[in-house]
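Peer 1: My structure is stored as input-v8.tsv, with TSV, C-alpha atoms.
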chain	number	residue	atom	x	y	z
A	1	MET	CA	0.00	0.00	0.00
A	2	ALA	CA	2.91	2.27	-0.46
A	3	LYS	CA	1.69	3.51	-3.77
A	4	GLN	CA	-1.70	4.63	-2.50
A	5	ASN	CA	-0.77	8.23	-2.83
A	6	SER	CA	0.09	8.14	-6.50
A	7	SER	CA	-3.20	6.54	-7.55
A	8	LYS	CA	-5.17	9.31	-5.95
A	9	GLN	CA	-6.20	11.61	-8.79
A	10	LYS	CA	-5.75	15.28	-8.37
A	11	LYS	CA	-9.08	17.08	-8.54
A	12	MET	CA	-8.92	19.41	-11.50
A	13	ASN	CA	-10.85	22.64	-11.66
A	14	ALA	CA	-13.13	22.18	-14.64
A	15	ARG	CA	-14.12	25.81	-14.92
A	16	VAL	CA	-12.65	27.66	-17.84
A	17	ASP	CA	-12.52	31.41	-17.76
A	18	PHE	CA	-14.51	32.65	-20.74
A	19	THR	CA	-13.93	36.34	-20.20
A	20	PRO	CA	-11.19	36.79	-22.81
A	21	MET	CA	-13.28	34.91	-25.33
A	22	VAL	CA	-16.27	37.14	-24.68
A	23	ASP	CA	-14.04	40.18	-25.02
A	24	MET	CA	-12.81	39.06	-28.36
A	25	ILE	CA	-16.25	38.14	-29.65
A	26	MET	CA	-17.64	41.46	-28.53
A	27	LEU	CA	-14.99	43.13	-30.58
A	28	LEU	CA	-15.86	41.07	-33.63
A	29	VAL	CA	-19.57	41.73	-33.20
A	30	THR	CA	-18.90	45.44	-32.99
A	31	PHE	CA	-16.82	45.27	-36.12
A	32	PHE	CA	-19.50	43.47	-38.10
A	33	MET	CA	-22.21	45.72	-36.75
A	34	LEU	CA	-20.41	48.82	-37.92
A	35	CYS	CA	-19.42	47.44	-41.29
A	36	THR	CA	-22.73	46.08	-42.45
A	37	THR	CA	-25.56	47.78	-44.22
A	38	LEU	CA	-28.63	46.03	-43.02
A	39	GLN	CA	-30.92	48.42	-44.76
A	40	LYS	CA	-30.67	48.70	-48.45
A	41	PRO	CA	-31.37	52.09	-49.95
A	42	GLN	CA	-34.83	52.73	-51.24
A	43	THR	CA	-35.53	53.22	-54.87
A	44	MET	CA	-38.24	54.41	-57.14
A	45	GLU	CA	-38.96	52.56	-60.28
A	46	ILE	CA	-39.60	54.66	-63.29
A	47	ALA	CA	-40.34	53.89	-66.88
A	48	MET	CA	-39.77	56.66	-69.35
A	49	PRO	CA	-41.54	56.79	-72.67
A	50	SER	CA	-39.46	55.52	-75.51
A	51	ASP	CA	-38.42	58.01	-78.16
A	52	LYS	CA	-39.68	55.85	-80.97
A	53	GLU	CA	-42.00	58.08	-82.90
A	54	ASP	CA	-44.95	55.74	-83.22
A	55	ILE	CA	-45.28	55.27	-79.49
A	56	LYS	CA	-45.00	58.95	-78.85
A	57	GLU	CA	-47.87	59.77	-81.16
A	58	GLU	CA	-50.09	57.37	-79.31
A	59	ASP	CA	-49.12	58.89	-75.98
A	60	ARG	CA	-49.93	62.34	-77.19
A	61	SER	CA	-53.41	61.41	-78.25
A	62	GLN	CA	-54.04	59.93	-74.81
A	63	ILE	CA	-52.77	62.99	-73.07
A	64	ALA	CA	-55.00	65.28	-75.08
A	65	ALA	CA	-57.96	63.88	-73.16
A	66	SER	CA	-59.71	66.12	-70.67
A	67	LYS	CA	-58.42	64.12	-67.73
A	68	ALA	CA	-54.94	65.48	-68.20
A	69	ILE	CA	-53.25	67.56	-65.55
A	70	THR	CA	-50.05	69.32	-66.47
A	71	ILE	CA	-47.70	70.16	-63.66
A	72	MET	CA	-44.75	72.43	-64.24
A	73	VAL	CA	-42.08	72.61	-61.60
A	74	ASP	CA	-40.11	75.81	-61.67
A	75	GLU	CA	-37.28	77.39	-59.75
A	76	GLY	CA	-37.60	77.74	-55.99
A	77	ARG	CA	-40.07	74.87	-55.61
A	78	THR	CA	-42.98	76.71	-57.20
A	79	ILE	CA	-45.45	74.65	-59.12
A	80	TYR	CA	-47.74	75.75	-61.91
A	81	TYR	CA	-50.50	73.49	-63.04
A	82	PHE	CA	-53.49	73.41	-65.34
A	83	ARG	CA	-56.10	70.88	-66.29
A	84	GLY	CA	-57.02	69.85	-69.78
A	85	LYS	CA	-55.65	71.40	-72.92
A	86	PRO	CA	-53.07	74.15	-72.59
A	87	SER	CA	-54.94	76.48	-74.95
A	88	GLU	CA	-58.11	76.79	-72.92
A	89	ALA	CA	-56.90	75.97	-69.43
A	90	GLU	CA	-56.39	78.27	-66.53
A	91	LEU	CA	-52.92	78.25	-65.08
A	92	ASN	CA	-52.66	78.01	-61.31
A	93	LYS	CA	-49.78	78.48	-58.97
A	94	THR	CA	-49.12	76.36	-55.91
A	95	GLU	CA	-46.30	74.84	-53.90
A	96	PHE	CA	-45.19	71.48	-52.56
A	97	GLY	CA	-46.73	69.97	-49.46
A	98	LYS	CA	-49.96	68.80	-47.97
A	99	ASN	CA	-51.99	71.92	-48.68
A	100	GLY	CA	-50.45	72.67	-52.03
A	101	ILE	CA	-50.09	70.23	-54.83
A	102	ARG	CA	-51.25	67.24	-52.81
A	103	ALA	CA	-54.62	68.78	-52.01
A	104	MET	CA	-55.14	69.48	-55.70
A	105	LEU	CA	-54.15	65.99	-56.81
A	106	MET	CA	-56.20	64.36	-54.07
A	107	ASP	CA	-59.18	66.36	-55.23
A	108	ALA	CA	-58.61	65.39	-58.85
A	109	ASN	CA	-58.27	61.77	-57.87
A	110	LYS	CA	-61.15	61.52	-55.38
A	111	ALA	CA	-62.77	58.45	-56.89
A	112	ALA	CA	-59.62	56.37	-56.93
A	113	GLN	CA	-58.62	57.65	-53.51
A	114	LYS	CA	-61.88	56.40	-52.09
A	115	LYS	CA	-61.31	52.99	-53.60
A	116	VAL	CA	-57.84	52.87	-52.10
A	117	GLU	CA	-59.28	53.67	-48.66
A	118	GLN	CA	-61.77	50.84	-49.02
A	119	LEU	CA	-59.07	48.50	-50.17
A	120	LYS	CA	-56.91	49.37	-47.18
A	121	LYS	CA	-59.79	48.72	-44.79
A	122	LYS	CA	-60.55	45.43	-46.43
A	123	TYR	CA	-57.00	44.24	-46.09
A	124	GLU	CA	-56.61	45.47	-42.53
A	125	GLN	CA	-59.11	42.84	-41.46
A	126	LYS	CA	-57.39	40.17	-43.46
A	127	GLN	CA	-54.26	40.04	-41.33
A	128	SER	CA	-52.71	36.63	-41.14
A	129	SER	CA	-50.22	35.20	-38.71
A	130	SER	CA	-48.53	32.81	-41.08
A	131	PRO	CA	-45.84	34.57	-43.07
A	132	GLN	CA	-46.67	32.77	-46.28
A	133	GLU	CA	-50.28	33.83	-46.19
A	134	ALA	CA	-49.33	37.34	-45.21
A	135	ALA	CA	-47.05	37.57	-48.22
A	136	ALA	CA	-49.81	36.28	-50.48
A	137	ILE	CA	-52.22	38.84	-49.07
A	138	LYS	CA	-49.71	41.61	-49.57
A	139	GLU	CA	-49.17	40.51	-53.13
A	140	GLN	CA	-52.90	40.54	-53.76
A	141	TYR	CA	-53.19	43.97	-52.16
A	142	LYS	CA	-50.48	45.36	-54.40
A	143	LYS	CA	-52.16	43.94	-57.45
A	144	GLU	CA	-55.48	45.51	-56.63
A	145	LEU	CA	-53.81	48.79	-55.75
A	146	ASP	CA	-52.12	48.86	-59.12
A	147	GLU	CA	-55.42	48.18	-60.81
A	148	ILE	CA	-56.96	51.20	-59.13
A	149	ARG	CA	-53.96	53.33	-59.97
A	150	ASP	CA	-54.06	52.49	-63.62
A	151	GLY	CA	-57.84	52.62	-63.70
A	152	ASP	CA	-59.91	54.85	-65.91
A	153	ASP	CA	-60.85	57.44	-63.31
A	154	THR	CA	-57.34	58.44	-62.34
A	155	PRO	CA	-56.06	61.56	-64.06
A	156	ASP	CA	-53.15	61.50	-66.48
A	157	VAL	CA	-50.40	63.70	-65.18
A	158	ILE	CA	-47.76	65.34	-67.31
A	159	ILE	CA	-44.80	66.50	-65.28
A	160	LYS	CA	-42.64	69.19	-66.77
A	161	PRO	CA	-39.67	70.08	-64.62
A	162	SER	CA	-37.88	73.21	-65.77
A	163	GLU	CA	-34.12	73.34	-66.10
A	164	LYS	CA	-33.91	75.26	-62.86
A	165	ALA	CA	-35.73	72.67	-60.79
A	166	THR	CA	-33.61	70.32	-58.70
A	167	TYR	CA	-33.55	66.55	-58.54
A	168	LYS	CA	-35.30	66.73	-55.18
A	169	ASP	CA	-38.22	68.54	-56.81
A	170	LEU	CA	-38.53	65.76	-59.35
A	171	ILE	CA	-38.48	63.06	-56.69
A	172	ASP	CA	-40.97	64.99	-54.58
A	173	ILE	CA	-43.41	65.34	-57.43
A	174	LEU	CA	-43.06	61.66	-58.30
A	175	ASP	CA	-43.70	60.96	-54.63
A	176	GLU	CA	-46.94	62.90	-54.78
A	177	MET	CA	-48.03	60.61	-57.60
A	178	GLN	CA	-47.48	57.67	-55.34
A	179	ILE	CA	-49.21	59.24	-52.36
A	180	CYS	CA	-52.20	60.29	-54.41
A	181	SER	CA	-52.42	56.89	-56.16
A	182	ILE	CA	-51.92	58.18	-59.65
A	183	GLY	CA	-50.59	55.44	-61.88
A	184	LYS	CA	-50.36	57.26	-65.16
A	185	TYR	CA	-47.82	59.99	-65.35
A	186	VAL	CA	-45.14	61.02	-67.74
A	187	ILE	CA	-42.16	63.31	-67.55
A	188	ASP	CA	-42.09	65.67	-70.46
A	189	LYS	CA	-39.94	68.52	-71.69
A	190	PHE	CA	-40.44	71.99	-70.32
A	191	THR	CA	-40.72	73.99	-73.50
A	192	GLU	CA	-40.40	77.64	-74.36
A	193	ALA	CA	-44.15	77.74	-74.85
A	194	ASP	CA	-44.66	76.62	-71.27
A	195	LYS	CA	-42.32	79.30	-70.07
A	196	ALA	CA	-44.14	81.93	-72.09
A	197	GLN	CA	-47.44	80.73	-70.66
A	198	ILE	CA	-46.19	81.15	-67.10
A	199	GLU	CA	-44.73	84.54	-67.83
A	200	ALA	CA	-47.92	85.73	-69.48
A	201	LYS	CA	-49.91	84.91	-66.38
A	202	PHE	CA	-47.52	85.59	-63.53
A	203	GLY	CA	-44.99	87.90	-65.12
A	204	ALA	CA	-41.33	87.33	-65.82
A	205	LYS	CA	-38.96	86.92	-62.93
B	206	MET	CA	-21.67	36.12	21.77
B	207	GLY	CA	-22.94	35.89	18.24
B	208	ARG	CA	-20.29	35.55	15.74
B	209	PHE	CA	-20.75	37.01	12.27
B	210	LYS	CA	-19.54	34.58	9.83
B	211	ILE	CA	-18.84	36.28	6.55
B	212	LYS	CA	-19.46	33.87	3.81
B	213	LYS	CA	-16.67	33.81	1.36
B	214	GLN	CA	-18.18	34.75	-1.98
B	215	ASP	CA	-16.97	33.24	-5.15
B	216	THR	CA	-16.07	36.07	-7.53
B	217	PHE	CA	-15.88	33.81	-10.53
B	218	ILE	CA	-18.78	34.62	-12.89
B	219	ASP	CA	-19.80	32.02	-15.35
B	220	MET	CA	-19.31	33.54	-18.78
B	221	THR	CA	-20.58	30.57	-20.76
B	222	PRO	CA	-24.14	31.86	-21.43
B	223	MET	CA	-22.77	35.22	-22.36
B	224	SER	CA	-20.34	33.77	-24.84
B	225	ASP	CA	-23.16	31.65	-26.23
B	226	VAL	CA	-25.23	34.72	-26.95
B	227	MET	CA	-22.26	36.55	-28.35
B	228	VAL	CA	-21.38	33.77	-30.74
B	229	LEU	CA	-24.97	33.72	-31.91
B	230	LEU	CA	-24.93	37.44	-32.56
B	231	LEU	CA	-21.60	37.19	-34.30
B	232	THR	CA	-22.86	34.44	-36.57
B	233	PHE	CA	-25.90	36.50	-37.44
B	234	PHE	CA	-23.89	39.55	-38.36
B	235	MET	CA	-21.36	37.52	-40.29
B	236	LEU	CA	-24.03	35.85	-42.36
B	237	THR	CA	-26.00	38.99	-43.10
B	238	ALA	CA	-22.97	41.14	-43.73
B	239	THR	CA	-22.87	43.05	-46.95
B	240	PHE	CA	-20.03	45.43	-46.67
B	241	VAL	CA	-20.49	49.09	-47.26
B	242	LYS	CA	-18.88	49.84	-50.55
B	243	GLU	CA	-16.57	52.75	-50.50
B	244	GLU	CA	-18.08	55.56	-52.47
B	245	PRO	CA	-15.74	58.38	-53.28
B	246	ILE	CA	-18.61	60.44	-54.58
B	247	LYS	CA	-20.62	61.77	-51.67
B	248	VAL	CA	-24.23	61.99	-52.60
B	249	GLN	CA	-27.17	62.94	-50.44
B	250	THR	CA	-30.23	61.28	-51.87
B	251	PRO	CA	-33.64	62.91	-51.58
B	252	GLY	CA	-36.31	61.35	-49.37
B	253	SER	CA	-39.20	59.45	-50.84
B	254	VAL	CA	-42.14	57.41	-49.58
B	255	SER	CA	-41.30	54.64	-52.00
B	256	GLU	CA	-40.45	51.41	-50.24
B	257	ILE	CA	-39.11	49.35	-53.09
B	258	LYS	CA	-35.70	47.92	-52.32
B	259	ILE	CA	-32.91	48.16	-54.76
B	260	PRO	CA	-31.83	44.94	-56.47
B	261	GLU	CA	-28.42	43.74	-55.34
B	262	LYS	CA	-27.17	41.84	-58.29
B	263	ASN	CA	-26.54	42.99	-61.80
B	264	LEU	CA	-26.83	46.65	-61.08
B	265	LEU	CA	-25.32	49.58	-62.86
B	266	THR	CA	-25.29	52.70	-60.74
B	267	ILE	CA	-24.95	56.14	-62.24
B	268	PHE	CA	-23.88	58.79	-59.76
B	269	VAL	CA	-24.62	62.43	-60.29
B	270	ASN	CA	-23.07	64.87	-57.86
B	271	PRO	CA	-24.40	68.38	-57.12
B	272	GLU	CA	-21.98	69.93	-59.61
B	273	GLY	CA	-23.55	67.77	-62.26
B	274	LYS	CA	-20.66	65.41	-62.85
B	275	VAL	CA	-21.56	61.88	-63.81
B	276	TYR	CA	-19.85	58.75	-62.53
B	277	MET	CA	-20.57	55.09	-62.87
B	278	THR	CA	-20.05	51.85	-61.06
B	279	MET	CA	-21.17	48.24	-61.24
B	280	ASP	CA	-21.87	45.78	-58.50
B	281	SER	CA	-18.98	43.37	-58.98
B	282	GLU	CA	-15.37	43.39	-60.01
B	283	SER	CA	-15.94	40.78	-62.68
B	284	SER	CA	-18.61	42.81	-64.44
B	285	LEU	CA	-16.39	45.89	-64.29
B	286	GLY	CA	-13.59	43.91	-65.88
B	287	ALA	CA	-15.91	42.60	-68.56
B	288	LEU	CA	-17.13	46.15	-69.16
B	289	ALA	CA	-13.57	47.33	-69.71
B	290	ASP	CA	-12.98	44.50	-72.17
B	291	LYS	CA	-16.13	45.40	-74.04
B	292	MET	CA	-15.18	49.05	-74.24
B	293	VAL	CA	-11.80	48.08	-75.66
B	294	GLU	CA	-13.46	45.70	-78.08
B	295	THR	CA	-15.83	48.35	-79.41
B	296	GLY	CA	-12.90	50.67	-79.86
B	297	SER	CA	-14.15	53.32	-77.46
B	298	LEU	CA	-11.23	52.74	-75.17
B	299	SER	CA	-7.65	52.17	-76.25
B	300	SER	CA	-6.33	48.81	-75.14
B	301	LEU	CA	-5.50	48.42	-71.47
B	302	SER	CA	-2.58	46.62	-69.93
B	303	PRO	CA	-3.42	43.87	-67.39
B	304	GLU	CA	-2.52	46.23	-64.53
B	305	GLU	CA	-4.76	48.94	-65.86
B	306	ARG	CA	-7.60	46.50	-66.35
B	307	LYS	CA	-7.20	45.32	-62.78
B	308	ALA	CA	-7.14	48.88	-61.50
B	309	PHE	CA	-10.34	49.57	-63.39
B	310	ALA	CA	-12.07	46.48	-62.02
B	311	GLN	CA	-11.12	47.39	-58.48
B	312	ALA	CA	-12.04	51.04	-58.66
B	313	PRO	CA	-15.11	51.71	-56.52
B	314	THR	CA	-16.35	54.32	-58.96
B	315	PHE	CA	-15.07	55.59	-62.24
B	316	GLY	CA	-15.83	58.69	-64.18
B	317	THR	CA	-13.35	60.32	-66.45
B	318	PRO	CA	-13.61	61.19	-70.11
B	319	LEU	CA	-12.50	58.31	-72.30
B	320	ASN	CA	-9.38	60.07	-73.52
B	321	THR	CA	-8.03	60.51	-70.00
B	322	MET	CA	-9.11	57.08	-68.77
B	323	LYS	CA	-5.71	55.53	-69.47
B	324	SER	CA	-3.80	58.11	-67.49
B	325	TRP	CA	-6.32	57.86	-64.66
B	326	LEU	CA	-5.66	54.13	-64.51
B	327	SER	CA	-1.87	54.44	-64.70
B	328	PRO	CA	-0.06	52.93	-61.70
B	329	SER	CA	1.45	56.30	-60.78
B	330	ASN	CA	-2.04	57.50	-59.93
B	331	ALA	CA	-2.88	54.51	-57.75
B	332	GLU	CA	-2.89	56.49	-54.50
B	333	LYS	CA	-4.80	59.52	-55.62
B	334	ARG	CA	-7.22	57.85	-58.00
B	335	ASN	CA	-10.28	58.65	-55.92
B	336	ASP	CA	-9.16	62.22	-55.36
B	337	LEU	CA	-8.78	62.71	-59.08
B	338	LEU	CA	-12.50	62.13	-59.42
B	339	GLN	CA	-13.04	65.49	-57.74
B	340	ASP	CA	-10.98	67.11	-60.45
B	341	ALA	CA	-12.59	69.70	-62.68
B	342	ALA	CA	-12.01	67.57	-65.77
B	343	ALA	CA	-13.48	64.43	-64.23
B	344	GLY	CA	-16.93	63.03	-64.89
B	345	ILE	CA	-18.34	61.14	-67.83
B	346	PRO	CA	-19.42	63.59	-70.51
B	347	CYS	CA	-23.06	63.17	-71.45
B	348	ASP	CA	-23.90	66.15	-73.63
B	349	SER	CA	-25.89	65.35	-76.71
B	350	ALA	CA	-22.91	66.39	-78.82
B	351	HIS	CA	-20.38	64.34	-76.90
B	352	ASP	CA	-22.13	61.50	-75.16
B	353	GLU	CA	-19.80	58.96	-73.58
B	354	LEU	CA	-22.31	57.83	-70.97
B	355	LYS	CA	-24.26	56.28	-73.80
B	356	LEU	CA	-21.27	54.19	-74.83
B	357	TRP	CA	-20.64	53.00	-71.29
B	358	VAL	CA	-24.24	52.04	-70.61
B	359	GLN	CA	-24.55	50.34	-73.97
B	360	ALA	CA	-21.41	48.32	-73.32
B	361	ALA	CA	-22.59	47.44	-69.82
B	362	SER	CA	-25.95	46.22	-71.04
B	363	ASP	CA	-24.21	44.15	-73.73
B	364	VAL	CA	-22.02	42.57	-71.09
B	365	CYS	CA	-24.68	41.95	-68.45
B	366	GLY	CA	-27.62	41.05	-70.63
B	367	ASP	CA	-31.22	42.11	-70.29
B	368	GLY	CA	-31.43	41.48	-66.58
B	369	MET	CA	-29.27	44.47	-65.81
B	370	ARG	CA	-30.94	47.24	-63.85
B	371	ILE	CA	-29.85	50.83	-64.04
B	372	ALA	CA	-30.02	52.97	-60.94
B	373	ILE	CA	-29.51	56.70	-60.83
B	374	LYS	CA	-28.14	58.01	-57.58
B	375	ALA	CA	-28.18	61.75	-57.69
B	376	ASP	CA	-27.77	64.40	-55.06
B	377	GLN	CA	-30.92	66.22	-54.08
B	378	ASN	CA	-29.52	69.58	-55.12
B	379	THR	CA	-28.55	68.50	-58.60
B	380	PRO	CA	-30.18	70.73	-61.19
B	381	TYR	CA	-32.79	68.92	-63.23
B	382	ALA	CA	-30.97	69.98	-66.39
B	383	VAL	CA	-28.21	67.45	-65.60
B	384	ILE	CA	-30.64	64.67	-64.75
B	385	LYS	CA	-32.39	65.38	-68.00
B	386	LYS	CA	-29.16	64.98	-69.92
B	387	VAL	CA	-28.58	61.62	-68.28
B	388	MET	CA	-32.16	60.54	-68.93
B	389	ASP	CA	-31.95	61.70	-72.54
B	390	SER	CA	-28.81	59.72	-73.18
B	391	LEU	CA	-30.40	56.65	-71.60
B	392	ARG	CA	-33.44	57.19	-73.74
B	393	SER	CA	-31.35	57.40	-76.88
B	394	ILE	CA	-30.16	53.83	-76.33
B	395	HIS	CA	-33.65	52.63	-75.42
B	396	GLN	CA	-32.99	52.11	-71.75
B	397	ASN	CA	-36.34	53.34	-70.57
B	398	ARG	CA	-36.72	51.57	-67.26
B	399	TYR	CA	-34.52	52.52	-64.39
B	400	ASN	CA	-34.51	53.10	-60.67
B	401	LEU	CA	-33.99	56.34	-58.86
B	402	ILE	CA	-32.26	55.81	-55.53
B	403	THR	CA	-33.87	57.63	-52.63
B	404	SER	CA	-33.88	57.44	-48.89
B	405	LEU	CA	-36.97	56.71	-46.86
B	406	LYS	CA	-39.14	59.41	-45.34
B	407	GLY	CA	-42.68	59.68	-44.02
B	408	VAL	CA	-45.68	60.82	-46.02
B	409	ASP	CA	-46.06	64.11	-44.21
B	410	ASP	CA	-43.48	66.77	-44.62
Will you turn the file into structure tokens for me?
Peer 2:
Amino acid sequence: MAKQNSSKQKKMNARVDFTPMVDMIMLLVTFFMLCTTLQKPQTMEIAMPSDKEDIKEEDRSQIAASKAITIMVDEGRTIYYFRGKPSEAELNKTEFGKNGIRAMLMDANKAAQKKVEQLKKKYEQKQSSSPQEAAAIKEQYKKELDEIRDGDDTPDVIIKPSEKATYKDLIDILDEMQICSIGKYVIDKFTEADKAQIEAKFGAK
Amino acid sequence: MGRFKIKKQDTFIDMTPMSDVMVLLLTFFMLTATFVKEEPIKVQTPGSVSEIKIPEKNLLTIFVNPEGKVYMTMDSESSLGALADKMVETGSLSSLSPEERKAFAQAPTFGTPLNTMKSWLSPSNAEKRNDLLQDAAAGIPCDSAHDELKLWVQAASDVCGDGMRIAIKADQNTPYAVIKKVMDSLRSIHQNRYNLITSLKGVDD
């Protein structure tokens, strides 16, 4: 029994200190958090009319309809607009924002706006907990929304930004189209005739 | 006599759950990481209510800074390399050495007139390449008389096929006149669908 001592196992401490590991991982997490872009930038999709002559002619005949609203964006975020044909229309002046151009467009698009409200209400009740169904519902909602937007009672808007307008003005006016559920709009050239029309009514700057 | 027996506290805190959580977080960030691409052109995008996300793959981005200079980039090095090859093939760009081609593929953004492209890519400029983009002569010309943007976009769409999306990232203070030039040159090569990059904002402003 002389070797009794050596067979006695030494009790090891099984606890490992994790603090340095946590330190290091914290550092890595911080690095990844700062270097990632979780949110992708937003975009607006836009389709411009092609410059092929035949298509343009067709567009023009559509625009000549009485539903047309022409919006001209000029320097300093002022907006001029008229309804219908340029020859017989009355030119109005307004600005960006809730009480300016949006009020006018909302008014012009009352019928479609009402439909959109109804659609929203209808889909609010249709909430689903399963993600697949929710996606399907959202898809359906988008489809119906697009139908309203491109429907017959929405006005056709012609946007004419002048050379002095900024990119922000263009985006803002395109935004108004989205807010007011107008599906049919086109960006057109701001011509000398338009300029003359503004000057005739409001005087040259 | 009562004797206060102070219990000897163990100061060793178990870090295992903490490191568990940290590893989980780290894994999440590592898997979702898309690194912020260095953009030498600082652009402040206008706000919009649009919630469409920008596609990640196969994207050609056109930058427009407030001074109206135009730059371009693509989403991957390989497509940039292929673009350079295509430009050489069409004869728009004089042939590039392997080093110059590599420098082009690795550049985060490019935008110099075609005739100075070779000197911009020369190894002696390696350090200050991004600074040179701020130069007065920099920027892709896109006037109707001298339209190089058209050549670049045409070559890019040849390389990437029909699935390629074009995104315009312009500063909010850019005059519309410049945007119009870019849009006109896109229109002239029948690229009529593109995205405008914006940042998110609420409906009311």
Peer 1: Give the answer as one residue: which of B:Thr278, B:Asp389, B:Val226, B:Ala382 has the shortest atom-to-atom distance to chain A, using all atoms listed in the file?
Peer 2: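 Nearest candidate to chain A out of B:Thr278, B:Asp389, B:Val226, B:Ala382: B:Ala382.
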Peer 1: Where does chain A meet chain B within 8 Å, residue by residue, with the nearest atom pair and distance in Å to one decimal for each, counting all atoms listed in the file, listed by chain and rising number, as CSV?
Peer 2:
residue,atom,partner,partner_atom,distance
A:Asp17,CA,B:Met220,CA,7.2
A:Phe18,CA,B:Met220,CA,5.3
A:Thr19,CA,B:Met220,CA,6.2
A:Met21,CA,B:Ser224,CA,7.2
A:Val22,CA,B:Ser224,CA,5.3
A:Ile25,CA,B:Met227,CA,6.4
A:Met26,CA,B:Met227,CA,6.7
A:Leu28,CA,B:Leu231,CA,7.0
A:Val29,CA,B:Leu231,CA,5.1
A:Phe32,CA,B:Phe234,CA,5.9
A:Met33,CA,B:Phe234,CA,6.6
A:Cys35,CA,B:Phe240,CA,5.8
A:Thr36,CA,B:Phe240,CA,5.1
A:Thr37,CA,B:Val241,CA,6.1
A:Leu38,CA,B:Ala238,CA,7.5
A:Lys40,CA,B:Lys258,CA,6.4
A:Pro41,CA,B:Ser404,CA,6.0
A:Gln42,CA,B:Lys258,CA,5.0
A:Thr43,CA,B:Ile402,CA,4.2
A:Met44,CA,B:Leu401,CA,5.0
A:Glu45,CA,B:Asn400,CA,4.5
A:Ile46,CA,B:Tyr399,CA,5.6
A:Ala47,CA,B:Arg398,CA,4.3
A:Met48,CA,B:Asn397,CA,4.9
A:Pro49,CA,B:Asn397,CA,6.6
A:Ser50,CA,B:Asn397,CA,6.2
A:Asp51,CA,B:Arg392,CA,6.7
A:Gly97,CA,B:Asp410,CA,6.7
A:Lys98,CA,B:Asp409,CA,7.2
A:Pro161,CA,B:Tyr381,CA,7.1
A:Ser162,CA,B:Tyr381,CA,7.1
A:Glu163,CA,B:Ala382,CA,4.6
A:Lys164,CA,B:Pro380,CA,6.1
A:Ala165,CA,B:Tyr381,CA,5.4
A:Thr166,CA,B:Pro380,CA,4.3
A:Tyr167,CA,B:Gln377,CA,5.2
A:Lys168,CA,B:Gln377,CA,4.5
A:Leu170,CA,B:Tyr381,CA,7.6
A:Ile171,CA,B:Ser253,CA,6.9
A:Asp172,CA,B:Ser253,CA,6.9
A:Asp175,CA,B:Ser253,CA,6.1
A:Gln178,CA,B:Ser255,CA,7.7
A:Ile179,CA,B:Val408,CA,7.4
Peer 1: Compare B:Lys333, B:Lys307, B:Lys323, B:Lys274 by their minimum atom-to-atom distance to Val387 of chain B, counting only C-alpha atoms, and give me the closest one.
Peer 2: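 Once distances to Val387 of chain B are computed over only C-alpha atoms, the minimum belongs to B:Lys274.
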Peer 1: Hey, what's within 12 Å of segment 142-144 of chain A if we count only C-alpha atoms and toss same-chain stuff fewer than 3 positions away? As a list in words, please?
Peer 2: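 Those residues are Ala112, Lys115, Val116, Gln118, Leu119, Lys120, Lys122, Tyr123, Ala135, Ala136, Ile137, Lys138, Glu139, Glu147, Ile148, Arg149, Asp150, Gly151 and Ser181 of chain A.
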Peer 1: Find the residues around segment 351-367 of chain B up to 8 Å (only C-alpha atoms counted), leave out those fewer than 2 positions away in its own chain, and share them as a list in words.
Peer 2: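 Neighbouring residues, sequence-local ones excluded: Asn263, Leu265, Ser284, Ala287, Leu288, Lys291, Met292, Ser297, Pro318, Leu319, Ile345, Pro346, Cys347, Asp348, Ser349, Met369, Val387, Ser390, Leu391, Ser393 and Ile394 of chain B.
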